[in-house]
$ cat final07.pdb   # PDB, C-alpha atoms
ATOM      1  CA  MET A   1      -7.156  -1.452  16.723
ATOM      2  CA  ALA A   2      -4.091  -3.510  15.898
ATOM      3  CA  LEU A   3      -4.165  -5.160  12.502
ATOM      4  CA  ASN A   4      -4.495  -8.932  12.327
ATOM      5  CA  ARG A   5      -0.973 -10.304  11.772
ATOM      6  CA  ASP A   6      -2.460 -13.542  10.389
ATOM      7  CA  PHE A   7      -2.885 -11.659   7.101
ATOM      8  CA  VAL A   8       0.890 -11.528   6.506
ATOM      9  CA  GLY A   9       1.733 -13.849   3.620
ATOM     10  CA  ARG A  10      -1.750 -13.892   2.140
ATOM     11  CA  THR A  11      -1.924 -13.398  -1.618
ATOM     12  CA  TYR A  12      -4.788 -11.937  -3.610
ATOM     13  CA  ALA A  13      -5.102 -12.253  -7.372
ATOM     14  CA  SER A  14      -6.943  -9.693  -9.479
ATOM     15  CA  SER A  15     -10.341 -11.044 -10.437
ATOM     16  CA  ALA A  16     -10.067 -10.054 -14.121
ATOM     17  CA  PRO A  17      -7.316  -8.665 -16.384
ATOM     18  CA  TYR A  18      -6.957  -4.894 -16.444
ATOM     19  CA  GLU A  19      -7.042  -3.543 -19.993
ATOM     20  CA  VAL A  20      -4.838  -0.465 -20.378
ATOM     21  CA  SER A  21      -6.546   1.980 -22.734
ATOM     22  CA  ARG A  22      -5.329   5.137 -24.461
ATOM     23  CA  VAL A  23      -8.295   7.005 -23.016
ATOM     24  CA  LYS A  24      -7.416   6.037 -19.443
ATOM     25  CA  ILE A  25      -3.758   6.955 -19.904
ATOM     26  CA  ARG A  26      -4.768  10.345 -21.314
ATOM     27  CA  GLU A  27      -7.184  10.912 -18.420
ATOM     28  CA  PHE A  28      -4.469  10.013 -15.909
ATOM     29  CA  ALA A  29      -1.890  12.256 -17.609
ATOM     30  CA  ALA A  30      -4.407  15.126 -17.569
ATOM     31  CA  ALA A  31      -5.110  14.532 -13.871
ATOM     32  CA  ILE A  32      -1.412  14.786 -12.950
ATOM     33  CA  GLY A  33      -1.059  17.824 -15.220
ATOM     34  CA  ASP A  34       1.499  16.218 -17.543
ATOM     35  CA  ALA A  35       1.207  17.374 -21.154
ATOM     36  CA  ASN A  36       3.855  14.979 -22.547
ATOM     37  CA  PRO A  37       2.565  13.888 -26.014
ATOM     38  CA  ILE A  38       3.909  10.381 -25.458
ATOM     39  CA  TYR A  39       0.973   9.856 -23.043
ATOM     40  CA  ARG A  40      -1.632  11.124 -25.518
ATOM     41  CA  ASP A  41      -0.546  10.767 -29.094
ATOM     42  CA  LYS A  42      -0.020   7.336 -30.624
ATOM     43  CA  GLU A  43       2.162   8.746 -33.394
ATOM     44  CA  ALA A  44       4.386  10.624 -30.946
ATOM     45  CA  ALA A  45       4.765   7.426 -28.922
ATOM     46  CA  ARG A  46       5.592   5.387 -32.024
ATOM     47  CA  ALA A  47       8.098   7.988 -33.162
ATOM     48  CA  ALA A  48       9.813   7.511 -29.783
ATOM     49  CA  GLY A  49       9.974   3.768 -30.375
ATOM     50  CA  HIS A  50       6.985   2.605 -28.341
ATOM     51  CA  PRO A  51       4.258   0.322 -29.679
ATOM     52  CA  ASP A  52       1.507   2.668 -28.443
ATOM     53  CA  VAL A  53       1.000   5.482 -25.934
ATOM     54  CA  VAL A  54       2.988   4.916 -22.742
ATOM     55  CA  ALA A  55       1.624   5.247 -19.217
ATOM     56  CA  PRO A  56       3.224   7.681 -16.736
ATOM     57  CA  PRO A  57       5.451   5.980 -14.124
ATOM     58  CA  THR A  58       2.852   6.115 -11.350
ATOM     59  CA  PHE A  59      -0.013   4.832 -13.537
ATOM     60  CA  PRO A  60       0.167   1.242 -12.177
ATOM     61  CA  ILE A  61      -1.411   2.548  -8.947
ATOM     62  CA  VAL A  62      -4.696   2.511 -10.893
ATOM     63  CA  PHE A  63      -4.829  -1.274 -11.044
ATOM     64  CA  SER A  64      -2.029  -2.725  -8.911
ATOM     65  CA  LEU A  65      -4.079  -2.691  -5.704
ATOM     66  CA  GLN A  66      -7.149  -4.317  -7.219
ATOM     67  CA  GLY A  67      -6.386  -7.625  -5.535
ATOM     68  CA  GLY A  68      -5.089  -6.099  -2.313
ATOM     69  CA  SER A  69      -8.142  -3.925  -1.799
ATOM     70  CA  GLU A  70     -10.078  -7.101  -1.097
ATOM     71  CA  ALA A  71      -7.889  -7.602   1.986
ATOM     72  CA  LEU A  72      -8.253  -3.989   3.112
ATOM     73  CA  VAL A  73     -12.022  -4.265   3.460
ATOM     74  CA  ASP A  74     -11.972  -7.712   5.100
ATOM     75  CA  PRO A  75     -13.421  -7.115   8.588
ATOM     76  CA  ASP A  76     -11.035  -9.735  10.028
ATOM     77  CA  LEU A  77      -8.068  -7.498   9.173
ATOM     78  CA  GLY A  78      -9.411  -4.811  11.523
ATOM     79  CA  LEU A  79      -8.432  -1.831   9.386
ATOM     80  CA  ASN A  80     -10.209   1.489   9.906
ATOM     81  CA  ILE A  81     -10.097   2.809   6.343
ATOM     82  CA  ALA A  82     -10.991   6.345   7.492
ATOM     83  CA  MET A  83      -7.640   6.562   9.293
ATOM     84  CA  VAL A  84      -5.522   5.316   6.392
ATOM     85  CA  VAL A  85      -2.895   7.461   4.720
ATOM     86  CA  HIS A  86      -0.232   6.415   2.247
ATOM     87  CA  GLY A  87       3.148   5.722   3.820
ATOM     88  CA  GLU A  88       5.477   4.553   1.077
ATOM     89  CA  GLN A  89       5.262   3.569  -2.560
ATOM     90  CA  ARG A  90       7.738   2.060  -4.964
ATOM     91  CA  PHE A  91       7.527   0.818  -8.528
ATOM     92  CA  GLU A  92      10.108  -1.453 -10.089
ATOM     93  CA  TYR A  93       9.537  -1.437 -13.835
ATOM     94  CA  HIS A  94      10.453  -4.463 -15.931
ATOM     95  CA  ARG A  95       9.136  -2.715 -19.004
ATOM     96  CA  PRO A  96       6.913   0.319 -19.656
ATOM     97  CA  VAL A  97       3.143  -0.041 -19.456
ATOM     98  CA  HIS A  98       1.412   0.926 -22.677
ATOM     99  CA  ALA A  99      -2.045   1.017 -24.186
ATOM    100  CA  GLY A 100      -3.223  -2.402 -25.255
ATOM    101  CA  ASP A 101      -1.648  -4.226 -22.317
ATOM    102  CA  GLU A 102      -3.829  -6.745 -20.528
ATOM    103  CA  LEU A 103      -2.455  -6.996 -17.022
ATOM    104  CA  VAL A 104      -3.046  -9.230 -14.056
ATOM    105  CA  THR A 105      -1.879  -8.590 -10.518
ATOM    106  CA  SER A 106      -0.976 -10.826  -7.645
ATOM    107  CA  ALA A 107      -0.874  -8.878  -4.380
ATOM    108  CA  THR A 108       0.811 -10.285  -1.262
ATOM    109  CA  ILE A 109       0.737  -8.770   2.213
ATOM    110  CA  THR A 110       4.430  -8.877   3.084
ATOM    111  CA  GLU A 111       4.542  -7.062   6.404
ATOM    112  CA  ILE A 112       2.372  -5.650   9.178
ATOM    113  CA  ARG A 113       4.065  -3.738  11.982
ATOM    114  CA  SER A 114       3.556  -0.985  14.518
ATOM    115  CA  ALA A 115       5.446   2.295  14.386
ATOM    116  CA  GLY A 116       4.675   4.470  17.385
ATOM    117  CA  ARG A 117       0.904   4.884  17.486
ATOM    118  CA  ASN A 118       0.451   3.772  13.891
ATOM    119  CA  GLU A 119      -0.013   0.454  12.148
ATOM    120  CA  LEU A 120       1.887  -0.082   8.896
ATOM    121  CA  MET A 121       1.057  -2.661   6.278
ATOM    122  CA  THR A 122       3.039  -3.403   3.116
ATOM    123  CA  ILE A 123       1.602  -5.044   0.021
ATOM    124  CA  ARG A 124       3.808  -6.249  -2.831
ATOM    125  CA  SER A 125       2.049  -6.611  -6.178
ATOM    126  CA  GLU A 126       3.475  -8.519  -9.104
ATOM    127  CA  VAL A 127       2.035  -7.177 -12.345
ATOM    128  CA  THR A 128       2.332  -9.331 -15.453
ATOM    129  CA  THR A 129       0.633  -9.580 -18.812
ATOM    130  CA  VAL A 130      -2.023 -12.246 -19.194
ATOM    131  CA  SER A 131       0.632 -14.372 -20.896
ATOM    132  CA  GLY A 132       2.944 -14.053 -17.890
ATOM    133  CA  GLU A 133       5.437 -11.422 -19.069
ATOM    134  CA  PRO A 134       6.652  -9.432 -16.018
ATOM    135  CA  VAL A 135       5.694  -5.733 -16.290
ATOM    136  CA  CYS A 136       6.289  -4.228 -12.867
ATOM    137  CA  THR A 137       6.511  -4.951  -9.172
ATOM    138  CA  THR A 138       4.906  -2.458  -6.832
ATOM    139  CA  TYR A 139       5.402  -1.985  -3.094
ATOM    140  CA  ASN A 140       2.696  -0.128  -1.224
ATOM    141  CA  THR A 141       2.833   0.726   2.466
ATOM    142  CA  ILE A 142      -0.266   2.141   4.090
ATOM    143  CA  VAL A 143      -0.417   3.745   7.505
ATOM    144  CA  GLU A 144      -3.407   3.425   9.806
ATOM    145  CA  ARG A 145      -3.104   6.501  11.990
ATOM    146  CA  GLY A 146      -3.565   5.688  15.665
ATOM    147  CA  GLY A 147      -4.133   2.003  14.869
ATOM    148  CA  ALA A 148      -1.559   0.799  17.378
ATOM    149  CA  ALA A 149      -2.617   3.188  20.144
TER     150      ALA A 149
ATOM    151  CA  MET B 150      12.670   4.658 -26.445
ATOM    152  CA  THR B 151      15.770   6.441 -25.380
ATOM    153  CA  ALA B 152      16.480   9.081 -22.826
ATOM    154  CA  THR B 153      17.741  12.357 -24.232
ATOM    155  CA  VAL B 154      20.242  12.739 -21.375
ATOM    156  CA  LYS B 155      23.567  11.031 -22.027
ATOM    157  CA  TYR B 156      25.177   8.996 -19.268
ATOM    158  CA  ASP B 157      28.658  10.218 -20.177
ATOM    159  CA  GLU B 158      27.582  13.856 -19.837
ATOM    160  CA  VAL B 159      26.214  13.446 -16.319
ATOM    161  CA  GLU B 160      28.286  13.681 -13.138
ATOM    162  CA  ALA B 161      27.435  12.450  -9.662
ATOM    163  CA  GLY B 162      26.398  15.464  -7.613
ATOM    164  CA  GLN B 163      24.924  17.256 -10.597
ATOM    165  CA  GLU B 164      21.792  19.189  -9.684
ATOM    166  CA  ILE B 165      18.591  19.181 -11.672
ATOM    167  CA  PRO B 166      16.905  22.597 -11.510
ATOM    168  CA  ALA B 167      13.756  22.833  -9.403
ATOM    169  CA  ALA B 168      10.288  22.918 -10.921
ATOM    170  CA  GLU B 169       7.058  24.122  -9.332
ATOM    171  CA  TYR B 170       3.743  22.345  -9.639
ATOM    172  CA  ARG B 171       0.565  24.093  -8.559
ATOM    173  CA  VAL B 172      -2.110  21.967  -6.931
ATOM    174  CA  ARG B 173      -5.670  23.135  -6.408
ATOM    175  CA  ARG B 174      -8.768  21.275  -5.246
ATOM    176  CA  VAL B 175      -9.840  20.634  -8.829
ATOM    177  CA  ASN B 176      -6.605  18.720  -9.420
ATOM    178  CA  LEU B 177      -7.437  16.403  -6.530
ATOM    179  CA  VAL B 178     -10.939  15.832  -7.871
ATOM    180  CA  MET B 179      -9.461  14.972 -11.271
ATOM    181  CA  TYR B 180      -6.882  12.723  -9.649
ATOM    182  CA  ALA B 181      -9.543  10.936  -7.596
ATOM    183  CA  GLY B 182     -11.467  10.177 -10.768
ATOM    184  CA  ALA B 183      -8.442   9.119 -12.806
ATOM    185  CA  SER B 184      -6.894   6.950 -10.103
ATOM    186  CA  GLY B 185     -10.069   5.553  -8.564
ATOM    187  CA  ASP B 186      -8.979   6.720  -5.084
ATOM    188  CA  PHE B 187     -12.098   8.411  -3.751
ATOM    189  CA  ASN B 188     -10.979   8.598  -0.122
ATOM    190  CA  PRO B 189     -12.922  11.687   1.091
ATOM    191  CA  ILE B 190      -9.858  13.104   2.895
ATOM    192  CA  HIS B 191      -8.788  14.218  -0.601
ATOM    193  CA  TRP B 192     -11.906  16.225  -1.458
ATOM    194  CA  ASN B 193     -14.200  16.614   1.555
ATOM    195  CA  GLU B 194     -13.038  19.184   4.109
ATOM    196  CA  ARG B 195     -15.736  18.229   6.616
ATOM    197  CA  PHE B 196     -14.617  14.601   6.541
ATOM    198  CA  ALA B 197     -10.898  15.452   6.595
ATOM    199  CA  LYS B 198     -11.305  17.577   9.719
ATOM    200  CA  ALA B 199     -13.526  14.983  11.404
ATOM    201  CA  VAL B 200     -10.675  12.439  11.153
ATOM    202  CA  GLY B 201      -8.162  14.888  12.614
ATOM    203  CA  LEU B 202      -6.534  16.320   9.493
ATOM    204  CA  PRO B 203      -5.947  20.072   9.171
ATOM    205  CA  ASP B 204      -7.863  20.280   5.876
ATOM    206  CA  VAL B 205      -8.199  18.374   2.607
ATOM    207  CA  ILE B 206      -4.833  16.812   1.712
ATOM    208  CA  ALA B 207      -3.464  15.784  -1.676
ATOM    209  CA  HIS B 208      -3.247  12.109  -2.547
ATOM    210  CA  GLY B 209       0.284  10.970  -1.778
ATOM    211  CA  MET B 210       0.247   9.507  -5.262
ATOM    212  CA  TYR B 211      -0.517  12.923  -6.729
ATOM    213  CA  THR B 212       2.665  14.265  -5.141
ATOM    214  CA  MET B 213       4.588  11.188  -6.246
ATOM    215  CA  ALA B 214       3.290  11.754  -9.784
ATOM    216  CA  GLN B 215       4.737  15.293  -9.754
ATOM    217  CA  GLY B 216       8.105  13.829  -8.784
ATOM    218  CA  GLY B 217       7.713  11.326 -11.616
ATOM    219  CA  ARG B 218       6.926  14.126 -14.032
ATOM    220  CA  PHE B 219      10.052  15.942 -12.902
ATOM    221  CA  VAL B 220      12.203  12.888 -13.627
ATOM    222  CA  THR B 221      10.610  12.013 -16.992
ATOM    223  CA  ASP B 222      10.855  15.645 -18.150
ATOM    224  CA  TRP B 223      14.557  15.582 -17.264
ATOM    225  CA  ALA B 224      15.269  12.175 -18.786
ATOM    226  CA  GLY B 225      13.255  12.887 -21.935
ATOM    227  CA  ASP B 226      11.521   9.512 -21.980
ATOM    228  CA  PRO B 227       9.036   8.112 -19.445
ATOM    229  CA  ALA B 228      10.248   4.606 -20.269
ATOM    230  CA  ALA B 229      13.741   5.507 -19.055
ATOM    231  CA  VAL B 230      12.569   5.320 -15.424
ATOM    232  CA  VAL B 231      13.285   1.768 -14.276
ATOM    233  CA  ASP B 232      12.644   2.173 -10.548
ATOM    234  CA  TYR B 233      10.901   4.901  -8.564
ATOM    235  CA  GLY B 234      10.126   4.936  -4.861
ATOM    236  CA  VAL B 235       9.164   7.484  -2.214
ATOM    237  CA  ARG B 236       8.190   7.797   1.395
ATOM    238  CA  PHE B 237       5.396  10.262   2.173
ATOM    239  CA  SER B 238       6.865  12.292   5.017
ATOM    240  CA  SER B 239       4.396  15.117   5.346
ATOM    241  CA  MET B 240       0.924  15.970   4.064
ATOM    242  CA  VAL B 241       0.277  18.411   1.250
ATOM    243  CA  VAL B 242      -2.600  20.525   2.570
ATOM    244  CA  VAL B 243      -4.698  21.985  -0.245
ATOM    245  CA  PRO B 244      -6.857  24.959   0.803
ATOM    246  CA  ASP B 245     -10.192  25.691  -0.843
ATOM    247  CA  ASP B 246      -9.115  28.833  -2.694
ATOM    248  CA  ASP B 247      -7.894  29.857  -6.137
ATOM    249  CA  GLU B 248      -4.248  29.679  -5.142
ATOM    250  CA  GLY B 249      -4.156  26.140  -3.797
ATOM    251  CA  THR B 250      -0.606  25.237  -2.875
ATOM    252  CA  THR B 251       2.671  24.597  -4.670
ATOM    253  CA  ILE B 252       4.789  21.460  -4.719
ATOM    254  CA  THR B 253       8.417  22.286  -5.500
ATOM    255  CA  VAL B 254      10.530  19.412  -6.766
ATOM    256  CA  SER B 255      14.284  19.425  -7.240
ATOM    257  CA  GLY B 256      16.753  16.671  -7.902
ATOM    258  CA  VAL B 257      20.362  15.611  -7.828
ATOM    259  CA  VAL B 258      22.203  12.828  -9.594
ATOM    260  CA  GLU B 259      23.273  10.897  -6.519
ATOM    261  CA  GLU B 260      25.141   8.040  -8.078
ATOM    262  CA  LYS B 261      26.226   6.654 -11.416
ATOM    263  CA  LEU B 262      25.504   2.943 -11.658
ATOM    264  CA  GLY B 263      26.665   0.511 -14.323
ATOM    265  CA  ASP B 264      24.748  -0.160 -17.518
ATOM    266  CA  LYS B 265      24.279   3.604 -18.105
ATOM    267  CA  ARG B 266      21.932   3.935 -15.148
ATOM    268  CA  VAL B 267      21.892   6.722 -12.583
ATOM    269  CA  VAL B 268      20.188   7.270  -9.252
ATOM    270  CA  VAL B 269      18.308  10.554  -9.059
ATOM    271  CA  GLY B 270      17.454  11.763  -5.560
ATOM    272  CA  LEU B 271      14.384  13.984  -5.352
ATOM    273  CA  THR B 272      13.342  16.636  -2.884
ATOM    274  CA  ALA B 273       9.703  17.728  -2.820
ATOM    275  CA  ARG B 274       8.469  20.515  -0.599
ATOM    276  CA  ALA B 275       5.136  22.188   0.058
ATOM    277  CA  ASP B 276       4.562  24.949   2.616
ATOM    278  CA  ASP B 277       8.201  24.618   3.747
ATOM    279  CA  ALA B 278       7.702  20.983   4.695
ATOM    280  CA  LYS B 279       9.493  18.119   3.023
ATOM    281  CA  VAL B 280       6.585  16.091   1.631
ATOM    282  CA  LEU B 281       8.628  13.227   0.171
ATOM    283  CA  SER B 282      11.612  11.586   1.764
ATOM    284  CA  ARG B 283      13.852   8.797   0.523
ATOM    285  CA  ALA B 284      12.555   9.715  -2.934
ATOM    286  CA  ARG B 285      14.755   8.179  -5.570
ATOM    287  CA  ALA B 286      14.469   7.103  -9.174
ATOM    288  CA  VAL B 287      16.782   4.886 -11.172
ATOM    289  CA  VAL B 288      16.963   6.197 -14.721
ATOM    290  CA  GLN B 289      18.352   4.488 -17.819
ATOM    291  CA  LEU B 290      20.301   7.135 -19.724
ATOM    292  CA  ALA B 291      21.491   7.131 -23.314
TER     293      ALA B 291
END

$ encode --input "final07.pdb" --output "structure tokens"
Amino acid sequence: MALNRDFVGRTYASSAPYEVSRVKIREFAAAIGDANPIYRDKEAARAAGHPDVVAPPTFPIVFSLQGGSEALVDPDLGLNIAMVVHGEQRFEYHRPVHAGDELVTSATITEIRSAGRNELMTIRSEVTTVSGEPVCTTYNTIVERGGAA
Amino acid sequence: MTATVKYDEVEAGQEIPAAEYRVRRVNLVMYAGASGDFNPIHWNERFAKAVGLPDVIAHGMYTMAQGGRFVTDWAGDPAAVVDYGVRFSSMVVVPDDDEGTTITVSGVVEEKLGDKRVVVGLTARADDAKVLSRARAVVQLA
């Protein structure tokens, strides 16, 4: 089923700040198989000039779609989640994410289009600290296989 | 927070040696838990096949993370990556055996930008298929 184009331009804010913890960063680093001490050891991170352990570059995927996921499950959008695969992803970093950050996300559906038999939807998320400091901007394109058929 | 690679010592066209990353089912289970992406196509073969996939496939973000690891290992500082984007061009099929599959990542310094930044182009392959395309990172060098 074609996705509802009326959703383009809608913005979704995260319901609560996401608190970045050392434990979560370590768990994420372990899951991607990256043994870099800067992700695990506060002293190693401080020695490298960071205030606390740093998150791997793709870590913002953990929280940056919090707001947008509300849209994905909205029946009016018409998305069959079972047919979704990831199409494209980009992170623009304004500064590194580290433990202790309290982050909020504003996710906007920027585009919905057909490509062959598939439906593509792009969500841009602006991630800032609770005090408004920009941290990163993420661009996520999902593909609904067969959605346009 | 400084990269260990020096801008002045890098040339456009310079290749970054390939690295291999093994991925088995357990890695996808760990990644599902760590990322919160519990889509069953990444751990449930029955479900994956029912929706027309050849088998369980890796999270695209797992593959992207291996590319990220490749770049941060090269640069020497995760914070040196200022922009990183990919397109997922093919699936990484992960069989239910001890071998799993291998993601091979290689890179090339495509362009030297101002402000001591470079563009690193990445190639990631699994089972002879290119699994990432238009994969590029902008890295702040020393």

$ residues_around --input "final07.pdb" --residues "region 90-93 of chain A" --least-positions-apart "4" --cutoff "8 Å" --atoms "all atoms listed in the file" --output "PyMOL selection string"
(chain A and resi 57-58+135-140) or (chain B and resi 230-235)

$ interface_residues --input "final07.pdb" --of "chain A" --to "chain B" --cutoff "8 Å" --atoms "all atoms listed in the file" --output "PyMOL selection string"
chain A and resi 24+27-28+31-32+34+48-50+54-59+61-62+82-83+86-96

$ closest_residue --input "final07.pdb" --among "A:Ile38, A:Leu3, A:Ala16, A:Ala99" --to "Ile142 (chain A)" --atoms "all atoms listed in the file"
A:Leu3

$ residues_near_point --input "final07.pdb" --point "(18.2, 18.5, -5.5)" --cutoff "10 Å" --atoms "all atoms listed in the file" --output "PyMOL selection string"
chain B and resi 162-167+254-259+269-273

$ axis_aligned_box --input "final07.pdb" --around "region 79-94 of chain A" --padding-each-side "4 Å" --output "AutoDock Vina command-line options"
--center_x -0.3 --center_y 1.5 --center_z -3.0 --size_x 29.4 --size_y 19.9 --size_z 33.8

$ atom_distance --input "final07.pdb" --atom1 "CA of Val53 (chain A)" --atom2 "CA of Val104 (chain A)"
19.3 Å

$ build_atoms --input "final07.pdb" --residues "region 184-198 of chain B" --atoms "N, CA and C atoms" --output "compact mmCIF listing (two decimals), in the frame of the given file"
# COMPACT_ATOMS: atom_id res chain seq x y z
N SER B 184 -7.58 8.04 -10.82
CA SER B 184 -6.89 6.95 -10.10
C SER B 184 -7.86 5.96 -9.48
N GLY B 185 -9.10 6.41 -9.24
CA GLY B 185 -10.07 5.55 -8.56
C GLY B 185 -9.96 5.64 -7.05
N ASP B 186 -9.11 6.55 -6.53
CA ASP B 186 -8.98 6.72 -5.08
C ASP B 186 -9.91 7.84 -4.63
N PHE B 187 -11.08 7.44 -4.15
CA PHE B 187 -12.10 8.41 -3.75
C PHE B 187 -12.13 8.63 -2.24
N ASN B 188 -11.04 8.33 -1.56
CA ASN B 188 -10.98 8.60 -0.12
C ASN B 188 -11.37 10.07 0.11
N PRO B 189 -12.42 10.31 0.94
CA PRO B 189 -12.92 11.69 1.09
C PRO B 189 -11.92 12.66 1.72
N ILE B 190 -10.85 12.16 2.34
CA ILE B 190 -9.86 13.10 2.90
C ILE B 190 -9.22 13.94 1.79
N HIS B 191 -9.40 13.50 0.52
CA HIS B 191 -8.79 14.22 -0.60
C HIS B 191 -9.75 15.19 -1.30
N TRP B 192 -10.99 15.28 -0.81
CA TRP B 192 -11.91 16.23 -1.46
C TRP B 192 -12.97 16.79 -0.53
N ASN B 193 -13.12 16.20 0.67
CA ASN B 193 -14.20 16.61 1.56
C ASN B 193 -13.61 17.17 2.86
N GLU B 194 -13.65 18.51 2.97
CA GLU B 194 -13.04 19.18 4.11
C GLU B 194 -13.68 18.77 5.44
N ARG B 195 -15.00 18.61 5.41
CA ARG B 195 -15.74 18.23 6.62
C ARG B 195 -15.23 16.88 7.12
N PHE B 196 -15.08 15.93 6.19
CA PHE B 196 -14.62 14.60 6.54
C PHE B 196 -13.15 14.65 7.01
N ALA B 197 -12.33 15.38 6.26
CA ALA B 197 -10.90 15.45 6.60
C ALA B 197 -10.71 15.95 8.03
N LYS B 198 -11.45 17.01 8.38
CA LYS B 198 -11.30 17.58 9.72
C LYS B 198 -11.86 16.64 10.78
